[in-house]
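> Structure file entry.cif (mmCIF, C-alpha atoms) right here:
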data_target
#
loop_
_atom_site.label_atom_id
_atom_site.label_comp_id
_atom_site.auth_asym_id
_atom_site.auth_seq_id
_atom_site.Cartn_x
_atom_site.Cartn_y
_atom_site.Cartn_z
CA MET R 1 -7.78 -10.40 -22.49
CA ILE R 2 -5.42 -7.42 -22.82
CA PRO R 3 -2.30 -7.77 -20.59
CA MET R 4 -2.14 -4.94 -18.04
CA LEU R 5 1.16 -3.10 -18.16
CA PHE R 6 3.01 -0.59 -15.96
CA ASP R 7 4.90 2.17 -17.79
CA THR R 8 7.25 3.07 -14.95
CA HIS R 9 8.72 6.19 -16.59
CA ALA R 10 6.88 8.63 -18.87
CA HIS R 11 6.99 12.43 -19.06
CA TYR R 12 3.41 13.55 -19.69
CA ASP R 13 4.30 17.01 -18.42
CA ASP R 14 6.31 17.42 -21.65
CA GLU R 15 5.06 19.93 -24.22
CA ALA R 16 4.97 17.15 -26.81
CA PHE R 17 1.65 16.14 -25.24
CA ASP R 18 0.07 19.60 -25.07
CA ALA R 19 -2.33 18.89 -27.94
CA ASP R 20 -3.82 15.62 -26.69
CA ARG R 21 -2.63 14.97 -23.13
CA ASP R 22 -6.07 14.50 -21.57
CA ALA R 23 -7.39 12.24 -24.31
CA LEU R 24 -4.25 10.10 -24.29
CA LEU R 25 -4.05 9.69 -20.51
CA SER R 26 -7.77 9.00 -20.21
CA ALA R 27 -7.56 6.24 -22.83
CA LEU R 28 -4.59 4.34 -21.37
CA PRO R 29 -6.45 1.84 -19.14
CA GLY R 30 -8.53 0.77 -22.14
CA GLU R 31 -5.31 0.24 -24.09
CA GLY R 32 -3.91 -2.17 -21.51
CA VAL R 33 -1.83 0.31 -19.51
CA ALA R 34 -2.82 -0.12 -15.88
CA LEU R 35 -0.34 2.31 -14.32
CA VAL R 36 2.04 5.14 -15.28
CA LEU R 37 4.76 6.82 -13.22
CA ASN R 38 5.50 10.41 -14.29
CA PRO R 39 8.81 11.79 -12.93
CA GLY R 40 9.61 15.49 -12.83
CA CYS R 41 12.81 16.96 -14.29
CA ASP R 42 12.81 20.30 -12.44
CA VAL R 43 10.61 21.99 -9.87
CA PRO R 44 7.92 23.23 -12.34
CA SER R 45 7.63 19.85 -14.11
CA SER R 46 7.53 18.13 -10.72
CA ARG R 47 4.54 20.30 -9.80
CA THR R 48 2.88 19.31 -13.08
CA ALA R 49 3.65 15.63 -12.50
CA VAL R 50 1.91 15.82 -9.12
CA ALA R 51 -1.10 17.62 -10.63
CA LEU R 52 -1.46 14.95 -13.34
CA ALA R 53 -1.21 12.19 -10.76
CA GLU R 54 -3.94 13.84 -8.70
CA ARG R 55 -6.16 14.07 -11.80
CA TYR R 56 -5.83 10.48 -13.06
CA SER R 57 -6.23 7.48 -10.78
CA HIS R 58 -3.80 5.35 -12.81
CA VAL R 59 -0.99 7.94 -12.79
CA TYR R 60 1.57 8.42 -10.02
CA ALA R 61 4.39 10.96 -9.74
CA ALA R 62 8.02 11.40 -8.75
CA VAL R 63 9.62 14.76 -8.02
CA GLY R 64 13.19 15.85 -8.62
CA VAL R 65 15.73 17.82 -10.64
CA HIS R 66 17.35 16.13 -13.65
CA PRO R 67 21.12 16.62 -14.16
CA GLU R 68 20.53 18.47 -17.43
CA ASN R 69 18.27 20.93 -15.60
CA CYS R 70 20.34 21.66 -12.50
CA ALA R 71 22.25 24.76 -13.66
CA ASP R 72 20.06 27.07 -11.55
CA TRP R 73 20.04 24.77 -8.52
CA GLU R 74 19.38 26.38 -5.16
CA ASP R 75 19.24 24.49 -1.90
CA GLY R 76 15.83 26.12 -1.42
CA PHE R 77 14.55 23.73 -4.11
CA LEU R 78 14.87 20.95 -1.56
CA LEU R 79 12.15 22.50 0.57
CA GLU R 80 9.66 22.54 -2.30
CA LEU R 81 10.63 19.04 -3.40
CA ARG R 82 10.11 17.88 0.18
CA GLN R 83 6.68 19.51 0.26
CA LEU R 84 5.72 17.97 -3.09
CA ALA R 85 7.02 14.57 -1.96
CA SER R 86 4.58 14.65 0.95
CA LYS R 87 1.65 14.39 -1.48
CA ALA R 88 -0.12 11.03 -1.48
CA ARG R 89 0.42 10.39 -5.20
CA VAL R 90 4.21 10.89 -5.08
CA ARG R 91 6.12 7.63 -4.94
CA ALA R 92 9.79 8.52 -5.53
CA ILE R 93 12.44 11.21 -5.84
CA GLY R 94 13.36 11.55 -9.48
CA GLU R 95 14.45 11.95 -12.14
CA ILE R 96 17.87 12.59 -10.62
CA GLY R 97 21.41 11.52 -11.47
CA LEU R 98 24.32 12.36 -13.77
CA ASP R 99 24.62 13.07 -17.50
CA TYR R 100 28.10 13.53 -18.94
CA TYR R 101 27.04 13.06 -22.58
CA TRP R 102 26.33 16.66 -23.54
CA GLU R 103 29.21 19.15 -23.27
CA GLU R 104 26.75 21.98 -22.61
CA ASN R 105 25.36 20.27 -19.51
CA PRO R 106 26.07 21.77 -16.06
CA SER R 107 29.48 20.97 -14.62
CA ARG R 108 30.12 17.49 -13.31
CA ALA R 109 30.81 18.87 -9.85
CA LEU R 110 27.43 20.63 -9.75
CA GLN R 111 25.61 17.56 -11.08
CA GLN R 112 27.21 15.40 -8.41
CA ASN R 113 26.31 17.85 -5.65
CA VAL R 114 22.67 18.06 -6.79
CA PHE R 115 22.49 14.27 -7.07
CA ARG R 116 23.83 13.85 -3.53
CA ARG R 117 21.47 16.44 -2.07
CA GLN R 118 18.48 14.67 -3.59
CA MET R 119 19.74 11.28 -2.41
CA GLU R 120 19.89 12.81 1.08
CA LEU R 121 16.30 13.96 0.64
CA ALA R 122 15.17 10.50 -0.43
CA ASP R 123 17.04 8.96 2.51
CA SER R 124 15.35 11.30 4.97
CA LEU R 125 11.89 10.61 3.51
CA GLY R 126 12.30 6.86 3.08
CA LEU R 127 11.47 7.12 -0.62
CA PRO R 128 13.13 5.30 -3.53
CA VAL R 129 14.91 7.21 -6.29
CA ILE R 130 14.76 7.17 -10.09
CA VAL R 131 18.28 7.58 -11.48
CA HIS R 132 19.35 8.92 -14.86
CA ASP R 133 22.89 7.75 -15.71
CA ARG R 134 24.32 8.66 -19.11
CA GLU R 135 28.04 8.18 -19.70
CA ALA R 136 28.58 8.53 -15.94
CA HIS R 137 28.48 4.95 -14.69
CA GLY R 138 31.43 5.10 -12.29
CA ASP R 139 30.42 8.33 -10.58
CA SER R 140 26.75 7.32 -10.45
CA LEU R 141 27.61 4.04 -8.75
CA ALA R 142 29.97 5.78 -6.32
CA ILE R 143 27.17 8.07 -5.16
CA VAL R 144 24.77 5.13 -4.83
CA ARG R 145 27.33 3.36 -2.65
CA ALA R 146 27.47 6.42 -0.37
CA PHE R 147 23.77 5.99 0.47
CA PRO R 148 23.39 2.33 1.48
CA HIS R 149 19.88 2.82 2.87
CA VAL R 150 18.45 4.33 -0.33
CA ARG R 151 16.88 2.01 -2.88
CA GLY R 152 16.14 2.96 -6.45
CA VAL R 153 16.01 2.16 -10.13
CA PHE R 154 18.45 2.98 -12.91
CA HIS R 155 16.04 3.91 -15.68
CA CYS R 156 16.85 3.41 -19.36
CA TYR R 157 19.72 1.25 -18.18
CA SER R 158 22.93 1.55 -20.20
CA GLY R 159 25.57 0.18 -17.85
CA SER R 160 27.37 -3.15 -17.74
CA VAL R 161 26.18 -6.52 -16.48
CA GLU R 162 28.67 -6.24 -13.62
CA MET R 163 27.25 -2.88 -12.52
CA ALA R 164 23.70 -4.24 -12.78
CA ARG R 165 24.65 -7.19 -10.59
CA GLU R 166 26.00 -4.87 -7.90
CA LEU R 167 22.85 -2.75 -8.02
CA VAL R 168 20.67 -5.84 -7.66
CA LYS R 169 22.72 -7.00 -4.65
CA ARG R 170 21.96 -3.60 -3.11
CA GLY R 171 18.24 -4.15 -3.68
CA TRP R 172 17.98 -1.84 -6.69
CA MET R 173 15.96 -2.28 -9.87
CA ILE R 174 16.91 -2.05 -13.54
CA SER R 175 14.50 -0.59 -16.10
CA PHE R 176 14.48 -0.82 -19.90
CA THR R 177 13.02 1.47 -22.55
CA GLY R 178 12.40 0.89 -26.25
CA VAL R 179 16.18 0.82 -26.66
CA LEU R 180 15.89 -2.87 -25.80
CA THR R 181 14.20 -3.39 -29.20
CA TYR R 182 16.96 -1.70 -31.23
CA LYS R 183 19.31 -3.78 -33.38
CA ASN R 184 22.41 -2.31 -31.72
CA ALA R 185 21.18 -2.91 -28.16
CA ARG R 186 23.57 -5.78 -27.44
CA LYS R 187 24.57 -4.54 -23.97
CA ALA R 188 20.97 -3.96 -22.85
CA VAL R 189 19.96 -7.39 -24.11
CA GLU R 190 22.85 -8.99 -22.23
CA VAL R 191 21.81 -7.27 -19.00
CA ALA R 192 18.16 -8.24 -19.51
CA ARG R 193 19.22 -11.85 -20.03
CA GLU R 194 21.46 -12.01 -16.94
CA ILE R 195 19.46 -10.07 -14.32
CA PRO R 196 16.59 -11.89 -12.54
CA LEU R 197 13.17 -10.82 -13.78
CA GLU R 198 12.06 -9.78 -10.29
CA HIS R 199 14.58 -6.92 -10.47
CA LEU R 200 13.43 -5.63 -13.88
CA MET R 201 10.88 -3.00 -14.89
CA ILE R 202 9.76 -1.63 -18.24
CA GLU R 203 9.13 1.93 -19.40
CA THR R 204 8.73 4.16 -22.43
CA ASP R 205 10.50 7.38 -21.34
CA SER R 206 7.76 9.06 -23.39
CA PRO R 207 7.82 11.14 -25.50
CA TYR R 208 11.34 9.82 -26.22
CA MET R 209 12.88 6.42 -27.01
CA ALA R 210 10.06 5.01 -29.16
CA PRO R 211 10.57 1.27 -29.69
CA VAL R 212 10.70 -0.64 -32.95
CA PRO R 213 8.37 -0.52 -34.94
CA CYS R 214 7.56 3.08 -33.89
CA ARG R 215 11.12 4.44 -33.81
CA GLY R 216 11.35 8.09 -34.77
CA LYS R 217 7.78 8.88 -33.71
CA ARG R 218 6.47 10.48 -30.53
CA ASN R 219 6.39 7.79 -27.91
CA ASP R 220 3.53 7.12 -25.47
CA SER R 221 2.64 4.50 -22.87
CA THR R 222 0.67 2.29 -25.26
CA ARG R 223 4.02 1.33 -26.77
CA VAL R 224 5.44 -0.13 -23.56
CA ARG R 225 3.99 -3.44 -24.80
CA TYR R 226 6.79 -3.65 -27.36
CA VAL R 227 9.37 -3.44 -24.57
CA CYS R 228 7.44 -6.12 -22.67
CA GLU R 229 7.33 -8.39 -25.72
CA LYS R 230 11.08 -8.02 -26.31
CA LEU R 231 11.89 -8.68 -22.66
CA ALA R 232 9.64 -11.76 -22.73
CA GLU R 233 11.48 -13.00 -25.84
CA ILE R 234 14.86 -12.53 -24.13
CA LYS R 235 13.65 -14.32 -20.99
CA GLY R 236 11.90 -17.08 -22.93
CA ILE R 237 8.52 -16.52 -21.28
CA ASP R 238 5.02 -15.63 -22.42
CA PRO R 239 4.46 -11.85 -22.86
CA THR R 240 1.39 -12.06 -20.61
CA ASP R 241 3.54 -13.45 -17.80
CA CYS R 242 6.16 -10.76 -18.42
CA ALA R 243 3.47 -8.07 -18.22
CA ARG R 244 2.12 -9.47 -14.97
CA ILE R 245 5.54 -9.82 -13.33
CA THR R 246 6.81 -6.37 -14.36
CA LEU R 247 3.51 -4.84 -13.23
CA GLU R 248 3.92 -6.43 -9.81
CA ASN R 249 7.59 -5.41 -9.70
CA GLY R 250 6.64 -1.79 -10.34
CA LYS R 251 3.82 -1.83 -7.80
CA ARG R 252 6.13 -3.28 -5.18
CA PHE R 253 8.94 -0.83 -5.94
CA PHE R 254 6.68 2.24 -5.88
CA ASP R 255 4.56 0.92 -2.98
CA ILE R 256 1.32 0.95 -4.96
CA ARG R 257 -1.41 -1.29 -3.56
#
Starting from the file, give its structure as structure tokens.


Amino acid sequence: MIPMLFDTHAHYDDEAFDADRDALLSALPGEGVALVLNPGCDVPSSRTAVALAERYSHVYAAVGVHPENCADWEDGFLLELRQLASKARVRAIGEIGLDYYWEENPSRALQQNVFRRQMELADSLGLPVIVHDREAHGDSLAIVRAFPHVRGVFHCYSGSVEMARELVKRGWMISFTGVLTYKNARKAVEVAREIPLEHLMIETDSPYMAPVPCRGKRNDSTRVRYVCEKLAEIKGIDPTDCARITLENGKRFFDIR
């Protein structure tokens, strides 16, 4: 029996899937992928994420503006995001957050403002958030602390064990990509070892972050099993149990019944 997995973060709106998107998404349940969550990165990709979720029964969506894509932010975007978030297949606000890695990214002040505005939106709608945090751990956590009623997940987690522990105390989730399988992933492995399994989810971040043994290739949801297998190894449990638990974690977090 093939373990059923939940890829909690994959960007099938990305142009990398233009040639075979329908065939790939249609085949996922037969490949052991029970569910996929597709977050938007700007308003157009959020629209596409919703459309894909409405087309495939195993795909759900999140809507939001990514920190790398917020240079043209207008407060009017909040109205469209709110309208998109009202759709039945939308389960979160995301991908939102902060990214201080690239010098050409929008200013930190703008990123922080856009992050806060979307946290306010999530708070008002009672939806969880999907947070992108790259080289911005302190500021990301400070904004999370300012919204004590919002719950969320730090995807592709890269922070410390101490930060992860605080997030878990606040009811948040931690999610790992194929980075967990890389040889230099000592920090991620440490977090995965220390954080209770009921607060962990797995993802591909497709088409990016392909795990070993597929590193350097276009990623897709069929490869989330490698993340599951590595997490199971770290936790000392059977991969089938890890698949079942992370599937249930994702369904609970995104309110999928």

> Using the chain letters and numbers from the file, which residues does the PyMOL selection byres ((chain R and resi 211) around 8) grab, as a PyMOL selection string?

chain R and resi 177-182+209-210+212-215+219+223+226-227

> Grab the CA of Leu121 in chain R to CA of Leu81 in chain R distance for me, in Å with one decimal place.

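The value is 8.6 Å.
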
> Please write the residues picked by the PyMOL selection byres ((chain R and resi 43) around 8) on this file as a PyMOL selection string.

chain R and resi 40-42+44-47+63-65+77+80-81

> Axis-aligned box over every listed atom of range 13-29 of chain R, padded by 3 Å per side: centre and edges in Å to one decimal, as lines of an AutoDock Vina configuration file?


center_x = -0.7
center_y = 10.9
center_z = -23.2
size_x = 20.1
size_y = 24.1
size_z = 15.5

> Could you spell out the hits of the PyMOL selection byres ((chain R and resi 245) around 10) on the shown file, as a list in words?

Leu5, Phe6, Leu197, Glu198, His199, Leu200, Met201, Pro239, Thr240, Asp241, Cys242, Ala243, Arg244, Thr246, Leu247, Glu248, Asn249, Gly250 and Lys251 of chain R

> Those residues with C-alpha atoms, as an mmCIF file, in the coordinates of the input please?


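File written: part04.cif
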data_model
loop_
_atom_site.group_PDB
_atom_site.id
_atom_site.type_symbol
_atom_site.label_atom_id
_atom_site.label_comp_id
_atom_site.auth_asym_id
_atom_site.auth_seq_id
_atom_site.Cartn_x
_atom_site.Cartn_y
_atom_site.Cartn_z
ATOM 1 C CA LEU R 5 1.160 -3.100 -18.160
ATOM 2 C CA PHE R 6 3.010 -0.590 -15.960
ATOM 3 C CA LEU R 197 13.170 -10.820 -13.780
ATOM 4 C CA GLU R 198 12.060 -9.780 -10.290
ATOM 5 C CA HIS R 199 14.580 -6.920 -10.470
ATOM 6 C CA LEU R 200 13.430 -5.630 -13.880
ATOM 7 C CA MET R 201 10.880 -3.000 -14.890
ATOM 8 C CA PRO R 239 4.460 -11.850 -22.860
ATOM 9 C CA THR R 240 1.390 -12.060 -20.610
ATOM 10 C CA ASP R 241 3.540 -13.450 -17.800
ATOM 11 C CA CYS R 242 6.160 -10.760 -18.420
ATOM 12 C CA ALA R 243 3.470 -8.070 -18.220
ATOM 13 C CA ARG R 244 2.120 -9.470 -14.970
ATOM 14 C CA THR R 246 6.810 -6.370 -14.360
ATOM 15 C CA LEU R 247 3.510 -4.840 -13.230
ATOM 16 C CA GLU R 248 3.920 -6.430 -9.810
ATOM 17 C CA ASN R 249 7.590 -5.410 -9.700
ATOM 18 C CA GLY R 250 6.640 -1.790 -10.340
ATOM 19 C CA LYS R 251 3.820 -1.830 -7.800
#

> May I ask for the distance between CA of Arg193 in chain R and CA of Glu162 in chain R, given in Å to one decimal place?

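Computed distance, CA of Arg193 in chain R to CA of Glu162 in chain R, equals 12.7 Å.
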
> Rounded to one decimal place, report the CA of His132 in chain R-CA of Thr222 in chain R distance in Å.

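Interatomic distance here is 22.4 Å.
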
> Which residue out of R:Lys235, R:Arg55, R:Arg225, R:Arg218 has the minimum interatomic distance to Val191 in chain R when all atoms listed in the file are used?

R:Lys235

> Between R:Cys70, R:Val153, R:Leu110, R:Val161, which has the minimum distance to Arg186 in chain R (counting only C-alpha atoms)?

R:Val161

> May I ask which of the residues R:Ser206, R:Met173, R:Glu233, R:Gly76 is the closest one to Asp220 in chain R, counting only C-alpha atoms?

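Selected residue with least distance to Asp220 in chain R: R:Ser206.
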
> So which one's closest to Ile96 in chain R, R:Ala62, R:Ala34, R:Leu125, R:Ala71? Using only C-alpha atoms, please.

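Looking at the shortest contact to Ile96 in chain R, the residue is R:Ala62.
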
> Closest to Cys228 in chain R among R:Phe253, R:Phe176, R:Phe17, R:Tyr12, using all atoms listed in the file?

R:Phe176

> Please, can range 178-190 of chain R be completed to N, CA and C atoms and returned as an mmCIF file, in the coordinates of the input?


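This went into selection31.cif:
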data_model
loop_
_atom_site.group_PDB
_atom_site.id
_atom_site.type_symbol
_atom_site.label_atom_id
_atom_site.label_comp_id
_atom_site.auth_asym_id
_atom_site.auth_seq_id
_atom_site.Cartn_x
_atom_site.Cartn_y
_atom_site.Cartn_z
ATOM 1 N N GLY R 178 12.430 1.421 -24.895
ATOM 2 C CA GLY R 178 12.400 0.890 -26.250
ATOM 3 C C GLY R 178 13.763 0.603 -26.824
ATOM 4 N N VAL R 179 14.822 1.124 -26.206
ATOM 5 C CA VAL R 179 16.180 0.820 -26.660
ATOM 6 C C VAL R 179 16.408 -0.682 -26.712
ATOM 7 N N LEU R 180 15.736 -1.415 -25.838
ATOM 8 C CA LEU R 180 15.890 -2.870 -25.800
ATOM 9 C C LEU R 180 15.506 -3.512 -27.138
ATOM 10 N N THR R 181 14.661 -2.841 -27.917
ATOM 11 C CA THR R 181 14.200 -3.390 -29.200
ATOM 12 C C THR R 181 15.115 -3.016 -30.366
ATOM 13 N N TYR R 182 16.111 -2.162 -30.134
ATOM 14 C CA TYR R 182 16.960 -1.700 -31.230
ATOM 15 C C TYR R 182 17.984 -2.765 -31.617
ATOM 16 N N LYS R 183 18.375 -2.772 -32.873
ATOM 17 C CA LYS R 183 19.310 -3.780 -33.380
ATOM 18 C C LYS R 183 20.672 -3.704 -32.701
ATOM 19 N N ASN R 184 21.080 -2.480 -32.310
ATOM 20 C CA ASN R 184 22.410 -2.310 -31.720
ATOM 21 C C ASN R 184 22.408 -2.382 -30.198
ATOM 22 N N ALA R 185 21.343 -2.913 -29.619
ATOM 23 C CA ALA R 185 21.180 -2.910 -28.160
ATOM 24 C C ALA R 185 21.782 -4.163 -27.522
ATOM 25 N N ARG R 186 22.968 -4.539 -27.935
ATOM 26 C CA ARG R 186 23.570 -5.780 -27.440
ATOM 27 C C ARG R 186 23.785 -5.753 -25.926
ATOM 28 N N LYS R 187 24.280 -4.613 -25.403
ATOM 29 C CA LYS R 187 24.570 -4.540 -23.970
ATOM 30 C C LYS R 187 23.288 -4.640 -23.152
ATOM 31 N N ALA R 188 22.239 -3.922 -23.568
ATOM 32 C CA ALA R 188 20.970 -3.960 -22.850
ATOM 33 C C ALA R 188 20.382 -5.368 -22.859
ATOM 34 N N VAL R 189 20.479 -6.028 -24.000
ATOM 35 C CA VAL R 189 19.960 -7.390 -24.110
ATOM 36 C C VAL R 189 20.727 -8.327 -23.191
ATOM 37 N N GLU R 190 22.030 -8.148 -23.115
ATOM 38 C CA GLU R 190 22.850 -8.990 -22.230
ATOM 39 C C GLU R 190 22.442 -8.790 -20.769
#
